[in-house]
$ cat start33.cif   # mmCIF, C-alpha atoms (C1' of nucleotides)
data_upload
#
loop_
_atom_site.label_atom_id
_atom_site.label_comp_id
_atom_site.auth_asym_id
_atom_site.auth_seq_id
_atom_site.Cartn_x
_atom_site.Cartn_y
_atom_site.Cartn_z
CA MET A 1284 108.57 50.48 59.90
CA LYS A 1285 111.95 51.72 58.83
CA PHE A 1286 114.48 54.17 60.10
CA SER A 1287 114.39 57.27 57.92
CA LYS A 1288 117.23 58.36 55.70
CA ALA A 1289 117.40 61.49 57.81
CA THR A 1290 118.59 59.34 60.71
CA ASN A 1291 121.28 57.89 58.51
CA TYR A 1292 122.44 61.35 57.47
CA ALA A 1293 122.41 62.52 61.06
CA LEU A 1294 124.46 59.58 62.30
CA HIS A 1295 127.05 59.90 59.56
CA THR A 1296 127.33 63.63 60.05
CA MET A 1297 127.80 63.30 63.77
CA LEU A 1298 130.36 60.58 63.30
CA SER A 1299 132.43 62.69 60.93
CA LEU A 1300 132.30 65.57 63.40
CA VAL A 1301 133.42 63.31 66.19
CA ILE A 1302 136.31 62.04 64.11
CA ASP A 1303 137.40 65.51 63.08
CA PRO A 1304 140.10 66.52 65.59
CA SER A 1305 139.76 70.28 65.05
CA MET A 1306 136.81 71.71 66.87
CA LYS A 1307 136.23 74.37 64.27
CA PRO A 1308 132.74 74.68 62.83
CA VAL A 1309 132.24 72.77 59.60
CA GLY A 1310 130.05 74.21 56.85
CA VAL A 1311 126.94 72.34 55.86
CA GLN A 1312 128.14 72.24 52.27
CA VAL A 1313 131.20 70.24 53.16
CA LEU A 1314 129.16 67.85 55.24
CA ALA A 1315 126.53 67.50 52.54
CA GLU A 1316 129.01 66.76 49.79
CA ALA A 1317 130.53 63.93 51.75
CA GLN A 1318 127.15 62.21 51.83
CA ASP A 1319 125.76 63.35 48.52
CA VAL A 1320 122.78 65.16 50.01
CA SER A 1321 121.54 68.63 49.25
CA PRO A 1322 122.91 71.12 51.77
CA THR A 1323 119.54 72.68 52.48
CA TYR A 1324 118.02 69.37 53.40
CA LEU A 1325 120.90 68.40 55.60
CA SER A 1326 120.69 71.71 57.42
CA LYS A 1327 117.07 70.94 58.23
CA ILE A 1328 118.17 67.72 59.83
CA LEU A 1329 121.01 69.32 61.71
CA THR A 1330 118.78 71.96 63.26
CA LYS A 1331 117.02 69.10 64.99
CA LEU A 1332 120.32 68.05 66.47
CA VAL A 1333 120.94 71.64 67.52
CA LYS A 1334 117.60 71.75 69.30
CA ALA A 1335 118.52 68.52 71.00
CA GLY A 1336 121.59 70.31 72.33
CA MET A 1337 124.31 68.16 70.83
CA LEU A 1338 125.36 70.62 68.12
CA GLU A 1339 125.63 74.34 67.89
CA SER A 1340 125.47 76.39 64.76
CA VAL A 1341 127.82 79.25 64.05
CA SER A 1342 126.39 81.67 61.56
CA GLY A 1343 128.20 84.05 59.29
CA ALA A 1344 131.26 83.51 57.16
CA ASN A 1345 133.38 80.52 58.17
CA GLY A 1346 130.34 79.36 60.08
CA GLY A 1347 128.94 75.88 60.29
CA TYR A 1348 128.15 73.24 62.87
CA ARG A 1349 130.18 72.20 65.84
CA LEU A 1350 129.79 69.71 68.65
CA THR A 1351 128.74 71.08 72.01
CA ARG A 1352 129.06 68.09 74.26
CA LYS A 1353 132.09 66.05 74.95
CA LYS A 1354 132.62 63.43 72.30
CA ASP A 1355 132.33 60.52 74.64
CA GLU A 1356 128.86 61.50 75.78
CA ILE A 1357 127.09 61.15 72.47
CA THR A 1358 125.20 57.90 72.06
CA PHE A 1359 123.32 56.49 69.11
CA LEU A 1360 120.08 56.77 71.00
CA ASP A 1361 120.54 60.50 71.51
CA ILE A 1362 120.75 61.09 67.80
CA ILE A 1363 117.95 58.74 66.90
CA HIS A 1364 115.62 60.24 69.44
CA ALA A 1365 116.45 63.72 68.18
CA ILE A 1366 115.47 62.77 64.64
CA GLU A 1367 112.77 60.16 65.00
CA GLY A 1368 111.22 61.44 68.18
CA THR A 1369 110.97 59.73 71.51
CA ALA A 1370 107.51 58.28 71.14
CA SER A 1371 107.02 54.57 71.58
CA LEU A 1372 107.25 52.56 68.38
CA PHE A 1373 104.03 50.75 69.06
CA GLU A 1374 100.88 52.21 70.45
CA CYS A 1375 97.64 50.40 70.97
CA HIS A 1376 94.74 52.82 70.99
CA PHE A 1377 92.14 50.26 71.92
CA ASP A 1378 89.83 50.21 74.82
CA HIS A 1379 90.17 46.69 76.09
CA GLY A 1380 89.70 47.65 79.68
CA GLU A 1381 93.06 47.48 81.38
CA GLU A 1382 96.52 47.81 79.90
CA CYS A 1383 97.18 46.12 76.60
CA LEU A 1384 99.39 43.08 77.10
CA ILE A 1385 100.49 43.17 73.49
CA GLN A 1386 101.66 46.72 73.93
CA GLN A 1387 103.64 45.69 76.97
CA VAL A 1388 105.53 43.05 75.06
CA MET A 1389 106.28 45.45 72.25
CA VAL A 1390 107.57 48.09 74.62
CA GLU A 1391 109.79 45.56 76.33
CA ALA A 1392 111.29 44.60 73.00
CA GLU A 1393 111.81 48.21 72.06
CA THR A 1394 113.49 48.87 75.37
CA LYS A 1395 116.04 46.16 74.66
CA MET A 1396 116.92 47.77 71.39
CA GLU A 1397 117.22 51.18 72.98
CA LEU A 1398 119.46 49.82 75.66
CA HIS A 1399 121.95 48.73 73.06
CA LEU A 1400 121.77 52.08 71.30
CA LYS A 1401 122.27 53.89 74.57
CA GLN A 1402 125.36 51.88 75.41
CA THR A 1403 127.02 52.46 72.07
CA LYS A 1404 128.76 55.79 71.64
CA LEU A 1405 130.04 57.41 68.51
CA ILE A 1406 133.51 57.62 69.96
CA ASP A 1407 133.58 53.81 70.05
CA LEU A 1408 133.24 53.70 66.29
CA ALA A 1409 135.86 56.36 65.82
CA ALA A 1410 138.30 54.27 67.84
CA LYS A 1411 137.44 51.19 65.84
CA MET A 1412 138.02 52.97 62.55
CA LYS A 1413 141.42 54.22 63.62
CA ALA A 1414 142.43 50.74 64.66
CA HIS A 1415 141.34 49.37 61.32
CA VAL A 1416 143.59 51.75 59.43
CA MET B 1095 109.79 54.88 62.39
CA LYS B 1096 106.65 53.40 63.82
CA PHE B 1097 104.93 50.09 63.73
CA SER B 1098 101.92 50.30 61.46
CA LYS B 1099 98.37 49.97 62.65
CA ALA B 1100 98.12 46.92 60.46
CA THR B 1101 100.57 45.18 62.77
CA ASN B 1102 98.41 46.07 65.72
CA TYR B 1103 95.33 44.64 64.01
CA ALA B 1104 97.22 41.51 63.07
CA LEU B 1105 98.49 40.92 66.59
CA HIS B 1106 95.10 41.43 68.19
CA THR B 1107 93.39 39.22 65.66
CA MET B 1108 95.87 36.44 66.15
CA LEU B 1109 95.59 36.71 69.89
CA SER B 1110 91.83 36.40 69.82
CA LEU B 1111 92.13 33.35 67.59
CA VAL B 1112 94.62 31.78 69.96
CA ILE B 1113 92.32 32.40 72.90
CA ASP B 1114 89.29 30.98 71.15
CA PRO B 1115 89.10 27.32 72.21
CA SER B 1116 86.99 26.14 69.24
CA MET B 1117 89.05 25.67 66.15
CA LYS B 1118 86.20 26.64 63.85
CA PRO B 1119 86.87 29.33 61.28
CA VAL B 1120 85.88 32.82 62.38
CA GLY B 1121 84.40 35.26 59.89
CA VAL B 1122 86.29 38.42 59.14
CA GLN B 1123 83.24 40.47 60.09
CA VAL B 1124 83.29 39.19 63.64
CA LEU B 1125 87.01 39.84 63.94
CA ALA B 1126 86.67 43.29 62.43
CA GLU B 1127 83.86 44.36 64.73
CA ALA B 1128 85.89 43.48 67.80
CA GLN B 1129 88.59 45.94 66.72
CA ASP B 1130 86.43 48.53 65.01
CA VAL B 1131 88.06 48.11 61.60
CA SER B 1132 86.44 47.70 58.24
CA PRO B 1133 86.18 44.01 57.31
CA THR B 1134 87.65 44.52 53.86
CA TYR B 1135 90.74 46.16 55.22
CA LEU B 1136 91.22 43.53 57.86
CA SER B 1137 90.93 40.79 55.26
CA LYS B 1138 93.76 42.44 53.36
CA ILE B 1139 95.91 42.18 56.43
CA LEU B 1140 94.92 38.62 57.16
CA THR B 1141 95.80 37.42 53.68
CA LYS B 1142 99.36 38.36 54.52
CA LEU B 1143 99.20 36.08 57.51
CA VAL B 1144 97.78 33.37 55.30
CA LYS B 1145 100.67 33.71 52.90
CA ALA B 1146 103.01 33.50 55.86
CA GLY B 1147 101.41 30.14 56.64
CA MET B 1148 100.06 30.83 60.10
CA LEU B 1149 96.41 31.13 59.08
CA GLU B 1150 94.24 29.43 56.57
CA SER B 1151 91.13 30.84 55.00
CA VAL B 1152 87.96 28.82 54.57
CA SER B 1153 85.79 30.25 51.84
CA GLY B 1154 82.06 29.87 51.41
CA ALA B 1155 79.29 30.12 53.95
CA ASN B 1156 80.42 29.68 57.55
CA GLY B 1157 83.88 30.38 56.27
CA GLY B 1158 86.51 32.54 57.85
CA TYR B 1159 90.01 32.31 59.17
CA ARG B 1160 91.55 29.59 61.27
CA LEU B 1161 94.94 28.89 62.77
CA THR B 1162 97.07 26.36 60.98
CA ARG B 1163 99.98 25.91 63.33
CA LYS B 1164 99.93 24.81 66.88
CA LYS B 1165 99.15 27.69 69.19
CA ASP B 1166 102.40 27.48 71.07
CA GLU B 1167 104.47 27.97 67.95
CA ILE B 1168 103.30 31.45 67.05
CA THR B 1169 105.66 34.20 68.13
CA PHE B 1170 105.33 37.95 67.94
CA LEU B 1171 108.15 38.08 65.46
CA ASP B 1172 106.37 35.78 63.05
CA ILE B 1173 103.42 38.11 62.85
CA ILE B 1174 105.46 41.28 62.65
CA HIS B 1175 107.64 39.91 59.91
CA ALA B 1176 104.59 38.84 57.97
CA ILE B 1177 103.13 42.34 58.07
CA GLU B 1178 106.13 44.64 58.10
CA GLY B 1179 108.46 42.53 56.03
CA THR B 1180 111.75 41.01 57.03
CA ALA B 1181 114.04 43.73 55.73
CA SER B 1182 116.46 45.35 58.07
CA LEU B 1183 115.17 48.48 59.77
CA PHE B 1184 118.26 50.43 58.88
CA GLU B 1185 120.12 50.38 55.62
CA CYS B 1186 123.08 52.48 54.70
CA HIS B 1187 123.40 52.83 50.96
CA PHE B 1188 126.67 54.64 51.03
CA ASP B 1189 129.91 53.75 49.44
CA HIS B 1190 132.38 54.26 52.20
CA GLY B 1191 134.60 51.48 51.13
CA GLU B 1192 134.12 48.62 53.52
CA GLU B 1193 131.11 47.75 55.65
CA CYS B 1194 129.35 50.59 57.40
CA LEU B 1195 130.08 50.48 61.11
CA ILE B 1196 126.98 52.51 61.87
CA GLN B 1197 124.87 49.98 60.08
CA GLN B 1198 126.46 47.21 62.12
CA VAL B 1199 125.50 48.85 65.39
CA MET B 1200 121.96 49.41 64.22
CA VAL B 1201 121.58 45.83 63.12
CA GLU B 1202 122.89 44.60 66.45
CA ALA B 1203 120.30 46.70 68.24
CA GLU B 1204 117.55 45.46 65.99
CA THR B 1205 118.61 41.90 66.60
CA LYS B 1206 118.17 42.35 70.33
CA MET B 1207 114.64 43.55 69.83
CA GLU B 1208 113.85 40.67 67.53
CA LEU B 1209 115.22 38.19 69.99
CA HIS B 1210 112.69 39.31 72.55
CA LEU B 1211 109.88 39.16 70.02
CA LYS B 1212 110.93 35.70 68.98
CA GLN B 1213 110.93 34.44 72.54
CA THR B 1214 107.48 35.74 73.34
CA LYS B 1215 104.59 33.65 72.12
CA LEU B 1216 100.95 34.54 71.88
CA ILE B 1217 100.04 31.61 74.08
CA ASP B 1218 101.99 33.27 76.89
CA LEU B 1219 99.65 36.22 76.82
CA ALA B 1220 96.62 34.01 76.71
CA ALA B 1221 97.80 32.27 79.87
CA LYS B 1222 98.44 35.57 81.56
CA MET B 1223 94.99 36.85 80.73
CA LYS B 1224 93.33 33.75 82.12
CA ALA B 1225 95.27 34.09 85.34
CA HIS B 1226 94.27 37.70 85.64
CA VAL B 1227 90.57 36.81 85.52
"C1'" DG C 877 147.40 102.52 59.24
"C1'" DC C 878 142.73 102.67 60.59
"C1'" DG C 879 137.83 103.05 60.76
"C1'" DT C 880 133.66 102.43 57.98
"C1'" DG C 881 130.80 100.56 54.79
"C1'" DA C 882 129.90 97.11 51.22
"C1'" DT C 883 130.42 92.47 49.80
"C1'" DT C 884 130.64 87.77 50.58
"C1'" DA C 885 129.93 83.42 52.87
"C1'" DC C 886 127.44 81.43 55.81
"C1'" DT C 887 123.04 79.59 58.75
"C1'" DC C 888 117.80 79.85 59.85
"C1'" DG C 889 113.09 79.33 59.13
"C1'" DG C 890 108.99 79.11 56.60
"C1'" DA C 891 106.55 77.91 52.44
"C1'" DT C 892 106.14 74.80 49.03
"C1'" DA C 893 106.58 70.72 45.91
"C1'" DC C 894 106.89 65.90 45.25
"C1'" DA C 895 106.87 60.86 46.12
"C1'" DA C 896 105.92 56.92 48.59
"C1'" DG C 897 103.68 54.26 51.84
"C1'" DA C 898 99.88 53.46 55.05
"C1'" DT C 899 95.11 53.28 55.31
"C1'" DG C 900 90.82 52.34 53.66
"C1'" DT C 901 86.87 51.52 50.11
"C1'" DC C 902 84.53 49.30 46.19
"C1'" DC C 903 83.38 45.76 43.25
"C1'" DG C 904 83.43 41.55 40.54
"C1'" DA C 905 84.62 36.64 40.90
"C1'" DG C 906 84.90 32.28 42.96
"C1'" DT C 907 83.19 28.81 46.76
"C1'" DT C 908 80.64 26.50 50.08
"C1'" DT C 909 76.41 25.93 52.82
"C1'" DG C 910 71.77 25.40 53.15
"C1'" DA C 911 67.08 26.00 51.89
"C1'" DG C 912 63.40 25.33 48.53
"C1'" DC C 913 61.23 22.88 45.05
"C1'" DG C 914 60.04 19.30 41.87
"C1'" DG C 915 60.01 14.54 40.89
"C1'" DC D 1323 62.37 11.13 50.45
"C1'" DC D 1324 65.88 12.27 47.24
"C1'" DG D 1325 68.25 15.18 44.10
"C1'" DC D 1326 68.63 19.38 41.70
"C1'" DT D 1327 68.86 24.29 41.55
"C1'" DC D 1328 69.30 28.66 43.38
"C1'" DA D 1329 70.09 32.06 46.77
"C1'" DA D 1330 72.79 33.51 50.62
"C1'" DA D 1331 77.01 33.94 53.15
"C1'" DC D 1332 81.41 33.92 52.79
"C1'" DT D 1333 86.56 34.96 51.15
"C1'" DC D 1334 89.87 36.71 47.33
"C1'" DG D 1335 92.07 39.88 44.53
"C1'" DG D 1336 92.68 43.93 42.00
"C1'" DA D 1337 91.74 48.71 41.24
"C1'" DC D 1338 91.00 52.88 43.19
"C1'" DA D 1339 90.79 57.01 46.57
"C1'" DT D 1340 92.76 59.43 50.42
"C1'" DC D 1341 95.90 60.89 53.98
"C1'" DT D 1342 100.07 61.18 56.23
"C1'" DT D 1343 104.91 61.30 56.26
"C1'" DG D 1344 109.44 61.48 54.41
"C1'" DT D 1345 112.23 63.76 51.22
"C1'" DA D 1346 113.68 67.66 49.01
"C1'" DT D 1347 113.84 72.52 46.99
"C1'" DC D 1348 113.49 77.59 47.02
"C1'" DC D 1349 113.83 81.98 48.86
"C1'" DG D 1350 114.08 85.87 51.99
"C1'" DA D 1351 116.18 87.24 56.37
"C1'" DG D 1352 119.76 87.58 59.63
"C1'" DT D 1353 124.79 87.38 60.93
"C1'" DA D 1354 129.66 87.41 61.00
"C1'" DA D 1355 134.10 87.79 58.60
"C1'" DT D 1356 136.60 89.96 55.13
"C1'" DC D 1357 137.68 93.13 51.64
"C1'" DA D 1358 137.78 97.92 49.65
"C1'" DC D 1359 138.01 102.47 50.11
"C1'" DG D 1360 138.65 106.94 51.97
"C1'" DC D 1361 140.78 109.60 55.47
#

$ encode --input "start33.cif" --output "structure tokens"
Amino acid sequence: MKFSKATNYALHTMLSLVIDPSMKPVGVQVLAEAQDVSPTYLSKILTKLVKAGMLESVSGANGGYRLTRKKDEITFLDIIHAIEGTASLFECHFDHGEECLIQQVMVEAETKMELHLKQTKLIDLAAKMKAHV
Amino acid sequence: MKFSKATNYALHTMLSLVIDPSMKPVGVQVLAEAQDVSPTYLSKILTKLVKAGMLESVSGANGGYRLTRKKDEITFLDIIHAIEGTASLFECHFDHGEECLIQQVMVEAETKMELHLKQTKLIDLAAKMKAHV
DNA sequence: GCGTGATTACTCGGATACAAGATGTCCGAGTTTGAGCGG
DNA sequence: CCGCTCAAACTCGGACATCTTGTATCCGAGTAATCACGC
């Protein structure tokens, strides 16, 4: 029960793209170097974000990845769901007749976490970082 | 990023012990049958709960597992922490100078989930089940 | 100067390798209960 | 009837075996920009 490193890479990559004022595509090599990951692995992660519709990839020379949505629409939850999947964190596969009460409690707890992640946007962090400098 | 099956087994086992009015030790075989798990595997899980101090094991004939604390003191979070560990779900190992803002957001979200799990006690479910019958 | 082709700098996707953790099994050792047996 | 011994019913703990998942690499294919070259 841990968030994967891939999620960490995805969040940091998205944040750096949000901070970057120029909307030009950024090569995966540049992004990978900043986080000390192999470019090929990072590209695998980023294709998930592309499929989720929050990035687009520009192929060819001077290609790379670029944001599609407006910066203030991207929440933590979007990114996490794109990488980790949207399935519930806890699933009881038992057959104790009706609904599993334990499952209900777990889902409630999970929902509270997701609410916080849905309310927090990447642009909020960008603003905070600027203020700090 | 999923809760392990072991957590599910642990929660169900604890719940059935809380419901059971007699405070006699219950053999692992009985507990395992109810959940369709192998007894040896379940005992591995339960020893974690013993080490966490919420169960005690009685060895020998007619032995088994028994609650140590009062029933209304056992929260979901206690059990989950005993099985999954208490480490943070998200850890950024990067060196971007100061504290990682992303990490902060993730920890805040996690804290909200934990708060709900800490407030919910097994005895609450037991009461709900009785009412439902 | 201008088109055309080759080169270069990229991403994409699949196949594969590797490591770690979750899941589960097996077995020997220790512990208590209870039954059986001898005095 | 009492006490001793022994078997049975348990848990405990470590050592394995297996399976899934996360992490990561490699390579061939496709694509767009740029450079080189010939006209």

$ interface_residues --input "start33.cif" --of "chain D" --to "chain B" --cutoff "8 Å" --atoms "only C-alpha atoms (C1' of nucleotides)" --output "list in words"
DA1331, DC1332 and DT1333 of chain D

$ resolve_selection --input "start33.cif" --expression "the PyMOL selection byres ((chain B and resi 1131) around 12)" --output "JSON, numbers by chain"
{"A": [1377], "B": [1099, 1100, 1102, 1103, 1104, 1106, 1107, 1122, 1123, 1124, 1125, 1126, 1127, 1128, 1129, 1130, 1132, 1133, 1134, 1135, 1136, 1137, 1138, 1139], "C": [899, 900]}

$ residues_near_point --input "start33.cif" --point "(104.1, 62.1, 57.1)" --cutoff "10 Å" --atoms "only C-alpha atoms (C1' of nucleotides)" --output "list in words"
DG897 and DA898 of chain C; DC1341, DT1342, DT1343 and DG1344 of chain D

$ write_last_selection --input "start33.cif" --atoms "C-alpha atoms (C1' of nucleotides)" --output "PDB file, in the frame of the given file"
ATOM      1  C1'  DG C 897     103.680  54.260  51.840  1.00  0.00           C
ATOM      2  C1'  DA C 898      99.880  53.460  55.050  1.00  0.00           C
TER       3       DA C 898
ATOM      4  C1'  DC D1341      95.900  60.890  53.980  1.00  0.00           C
ATOM      5  C1'  DT D1342     100.070  61.180  56.230  1.00  0.00           C
ATOM      6  C1'  DT D1343     104.910  61.300  56.260  1.00  0.00           C
ATOM      7  C1'  DG D1344     109.440  61.480  54.410  1.00  0.00           C
TER       8       DG D1344
END

$ residues_around --input "start33.cif" --residues "range 1213-1222 of chain B" --least-positions-apart "4" --cutoff "9 Å" --atoms "only C-alpha atoms (C1' of nucleotides)" --output "PyMOL selection string"
(chain A and resi 1384-1385+1388) or (chain B and resi 1105+1108-1110+1112-1113+1165-1171+1208-1209+1226-1227)

$ resolve_selection --input "start33.cif" --expression "the PyMOL selection byres ((chain C) within 10 of (chain B))" --output "number ranges by chain"
C: 898-902, 906-910

$ resolve_selection --input "start33.cif" --expression "the PyMOL selection byres ((chain B) within 6 of (chain A))" --output "PyMOL selection string"
chain B and resi 1095-1097+1183-1184+1203-1204+1206-1207+1210

$ atom_distance --input "start33.cif" --atom1 "CA of Met1117 in chain B" --atom2 "CA of Val1144 in chain B"
15.9 Å

$ calpha_fit_and_write --input "start33.cif" --fixed "chain A" --moving "chain B" --output "short mmCIF file (atom, residue, chain, number, x, y, z; two decimals) with C-alpha atoms, keeping the file's coordinate frame"
data_model
loop_
_atom_site.label_atom_id
_atom_site.label_comp_id
_atom_site.auth_asym_id
_atom_site.auth_seq_id
_atom_site.Cartn_x
_atom_site.Cartn_y
_atom_site.Cartn_z
CA MET B 1095 108.58 50.46 59.96
CA LYS B 1096 111.95 51.70 58.86
CA PHE B 1097 114.47 54.16 60.09
CA SER B 1098 114.37 57.25 57.91
CA LYS B 1099 117.20 58.34 55.69
CA ALA B 1100 117.38 61.46 57.78
CA THR B 1101 118.58 59.34 60.68
CA ASN B 1102 121.27 57.88 58.49
CA TYR B 1103 122.43 61.35 57.45
CA ALA B 1104 122.39 62.51 61.05
CA LEU B 1105 124.45 59.57 62.28
CA HIS B 1106 127.05 59.90 59.55
CA THR B 1107 127.33 63.63 60.03
CA MET B 1108 127.79 63.29 63.74
CA LEU B 1109 130.36 60.59 63.28
CA SER B 1110 132.43 62.69 60.93
CA LEU B 1111 132.30 65.57 63.40
CA VAL B 1112 133.43 63.30 66.20
CA ILE B 1113 136.32 62.04 64.11
CA ASP B 1114 137.42 65.51 63.10
CA PRO B 1115 140.11 66.52 65.61
CA SER B 1116 139.77 70.30 65.08
CA MET B 1117 136.82 71.71 66.89
CA LYS B 1118 136.23 74.39 64.28
CA PRO B 1119 132.75 74.68 62.83
CA VAL B 1120 132.24 72.78 59.59
CA GLY B 1121 130.06 74.22 56.85
CA VAL B 1122 126.96 72.35 55.87
CA GLN B 1123 128.15 72.27 52.27
CA VAL B 1124 131.21 70.25 53.16
CA LEU B 1125 129.15 67.84 55.24
CA ALA B 1126 126.53 67.52 52.52
CA GLU B 1127 129.03 66.78 49.77
CA ALA B 1128 130.52 63.92 51.74
CA GLN B 1129 127.13 62.20 51.83
CA ASP B 1130 125.76 63.35 48.50
CA VAL B 1131 122.79 65.20 49.99
CA SER B 1132 121.53 68.66 49.24
CA PRO B 1133 122.91 71.17 51.76
CA THR B 1134 119.52 72.69 52.47
CA TYR B 1135 118.01 69.38 53.37
CA LEU B 1136 120.91 68.42 55.56
CA SER B 1137 120.68 71.72 57.41
CA LYS B 1138 117.06 70.91 58.19
CA ILE B 1139 118.18 67.70 59.79
CA LEU B 1140 121.01 69.31 61.68
CA THR B 1141 118.78 71.95 63.23
CA LYS B 1142 117.02 69.09 64.97
CA LEU B 1143 120.32 68.05 66.46
CA VAL B 1144 120.92 71.63 67.50
CA LYS B 1145 117.60 71.75 69.28
CA ALA B 1146 118.52 68.50 70.99
CA GLY B 1147 121.60 70.29 72.31
CA MET B 1148 124.32 68.14 70.82
CA LEU B 1149 125.37 70.60 68.12
CA GLU B 1150 125.64 74.32 67.91
CA SER B 1151 125.46 76.39 64.78
CA VAL B 1152 127.84 79.25 64.08
CA SER B 1153 126.37 81.68 61.61
CA GLY B 1154 128.21 84.06 59.33
CA ALA B 1155 131.27 83.51 57.20
CA ASN B 1156 133.37 80.52 58.23
CA GLY B 1157 130.34 79.37 60.12
CA GLY B 1158 128.95 75.88 60.32
CA TYR B 1159 128.15 73.25 62.86
CA ARG B 1160 130.18 72.19 65.86
CA LEU B 1161 129.80 69.70 68.66
CA THR B 1162 128.76 71.08 72.00
CA ARG B 1163 129.08 68.10 74.28
CA LYS B 1164 132.10 66.05 74.97
CA LYS B 1165 132.63 63.44 72.30
CA ASP B 1166 132.33 60.51 74.64
CA GLU B 1167 128.87 61.50 75.77
CA ILE B 1168 127.08 61.15 72.45
CA THR B 1169 125.20 57.90 72.05
CA PHE B 1170 123.33 56.48 69.10
CA LEU B 1171 120.10 56.79 70.99
CA ASP B 1172 120.54 60.51 71.49
CA ILE B 1173 120.75 61.08 67.78
CA ILE B 1174 117.94 58.73 66.88
CA HIS B 1175 115.62 60.25 69.42
CA ALA B 1176 116.42 63.70 68.15
CA ILE B 1177 115.47 62.76 64.60
CA GLU B 1178 112.76 60.16 64.98
CA GLY B 1179 111.20 61.45 68.16
CA THR B 1180 110.95 59.75 71.50
CA ALA B 1181 107.48 58.28 71.12
CA SER B 1182 107.00 54.60 71.56
CA LEU B 1183 107.25 52.58 68.36
CA PHE B 1184 104.03 50.75 69.08
CA GLU B 1185 100.86 52.20 70.46
CA CYS B 1186 97.62 50.40 70.98
CA HIS B 1187 94.71 52.80 71.02
CA PHE B 1188 92.13 50.25 71.95
CA ASP B 1189 89.81 50.17 74.85
CA HIS B 1190 90.16 46.67 76.12
CA GLY B 1191 89.69 47.60 79.69
CA GLU B 1192 93.03 47.42 81.39
CA GLU B 1193 96.50 47.80 79.91
CA CYS B 1194 97.17 46.12 76.61
CA LEU B 1195 99.39 43.10 77.11
CA ILE B 1196 100.49 43.19 73.50
CA GLN B 1197 101.65 46.73 73.92
CA GLN B 1198 103.63 45.71 76.99
CA VAL B 1199 105.54 43.06 75.07
CA MET B 1200 106.29 45.46 72.26
CA VAL B 1201 107.56 48.10 74.62
CA GLU B 1202 109.79 45.57 76.35
CA ALA B 1203 111.29 44.62 73.01
CA GLU B 1204 111.81 48.23 72.07
CA THR B 1205 113.49 48.88 75.37
CA LYS B 1206 116.05 46.19 74.67
CA MET B 1207 116.93 47.79 71.38
CA GLU B 1208 117.23 51.19 72.98
CA LEU B 1209 119.47 49.85 75.68
CA HIS B 1210 121.97 48.76 73.08
CA LEU B 1211 121.77 52.10 71.31
CA LYS B 1212 122.28 53.91 74.56
CA GLN B 1213 125.36 51.90 75.41
CA THR B 1214 127.04 52.48 72.08
CA LYS B 1215 128.77 55.80 71.64
CA LEU B 1216 130.04 57.41 68.50
CA ILE B 1217 133.52 57.62 69.96
CA ASP B 1218 133.59 53.82 70.04
CA LEU B 1219 133.25 53.70 66.29
CA ALA B 1220 135.88 56.34 65.82
CA ALA B 1221 138.32 54.24 67.83
CA LYS B 1222 137.46 51.17 65.84
CA MET B 1223 138.03 52.94 62.56
CA LYS B 1224 141.43 54.20 63.64
CA ALA B 1225 142.46 50.71 64.66
CA HIS B 1226 141.34 49.34 61.35
CA VAL B 1227 143.64 51.72 59.46
#

$ atom_distance --input "start33.cif" --atom1 "CA of Lys1224 in chain B" --atom2 "CA of Ile1173 in chain B"
22.2 Å

$ atom_distance --input "start33.cif" --atom1 "CA of Ala1176 in chain B" --atom2 "CA of Lys1164 in chain B"
17.3 Å

$ residues_around --input "start33.cif" --residues "DC1328 in chain D" --least-positions-apart "3" --cutoff "12 Å" --atoms "all atoms listed in the file" --output "list of chain:residue names"
C:DG910, C:DA911, C:DG912, C:DC913

$ build_atoms --input "start33.cif" --residues "range 1107-1115 of chain B" --atoms "N, CA and C atoms" --output "PDB file, in the frame of the given file"
ATOM      1  N   THR B1107      94.183  40.270  66.286  1.00  0.00           N
ATOM      2  CA  THR B1107      93.390  39.220  65.660  1.00  0.00           C
ATOM      3  C   THR B1107      93.959  37.847  65.997  1.00  0.00           C
ATOM      4  N   MET B1108      95.244  37.719  65.859  1.00  0.00           N
ATOM      5  CA  MET B1108      95.870  36.440  66.150  1.00  0.00           C
ATOM      6  C   MET B1108      95.663  36.047  67.608  1.00  0.00           C
ATOM      7  N   LEU B1109      95.766  37.021  68.482  1.00  0.00           N
ATOM      8  CA  LEU B1109      95.590  36.710  69.890  1.00  0.00           C
ATOM      9  C   LEU B1109      94.182  36.198  70.170  1.00  0.00           C
ATOM     10  N   SER B1110      93.204  36.846  69.563  1.00  0.00           N
ATOM     11  CA  SER B1110      91.830  36.400  69.820  1.00  0.00           C
ATOM     12  C   SER B1110      91.580  35.022  69.239  1.00  0.00           C
ATOM     13  N   LEU B1111      92.276  34.697  68.154  1.00  0.00           N
ATOM     14  CA  LEU B1111      92.130  33.350  67.590  1.00  0.00           C
ATOM     15  C   LEU B1111      92.813  32.317  68.481  1.00  0.00           C
ATOM     16  N   VAL B1112      93.909  32.708  69.083  1.00  0.00           N
ATOM     17  CA  VAL B1112      94.620  31.780  69.960  1.00  0.00           C
ATOM     18  C   VAL B1112      93.783  31.515  71.223  1.00  0.00           C
ATOM     19  N   ILE B1113      93.130  32.553  71.683  1.00  0.00           N
ATOM     20  CA  ILE B1113      92.320  32.400  72.900  1.00  0.00           C
ATOM     21  C   ILE B1113      91.093  31.536  72.644  1.00  0.00           C
ATOM     22  N   ASP B1114      90.525  31.703  71.473  1.00  0.00           N
ATOM     23  CA  ASP B1114      89.290  30.980  71.150  1.00  0.00           C
ATOM     24  C   ASP B1114      89.542  29.473  71.190  1.00  0.00           C
ATOM     25  N   PRO B1115      88.844  28.753  72.058  1.00  0.00           N
ATOM     26  CA  PRO B1115      89.100  27.320  72.210  1.00  0.00           C
ATOM     27  C   PRO B1115      88.611  26.502  71.007  1.00  0.00           C
TER      28      PRO B1115
END
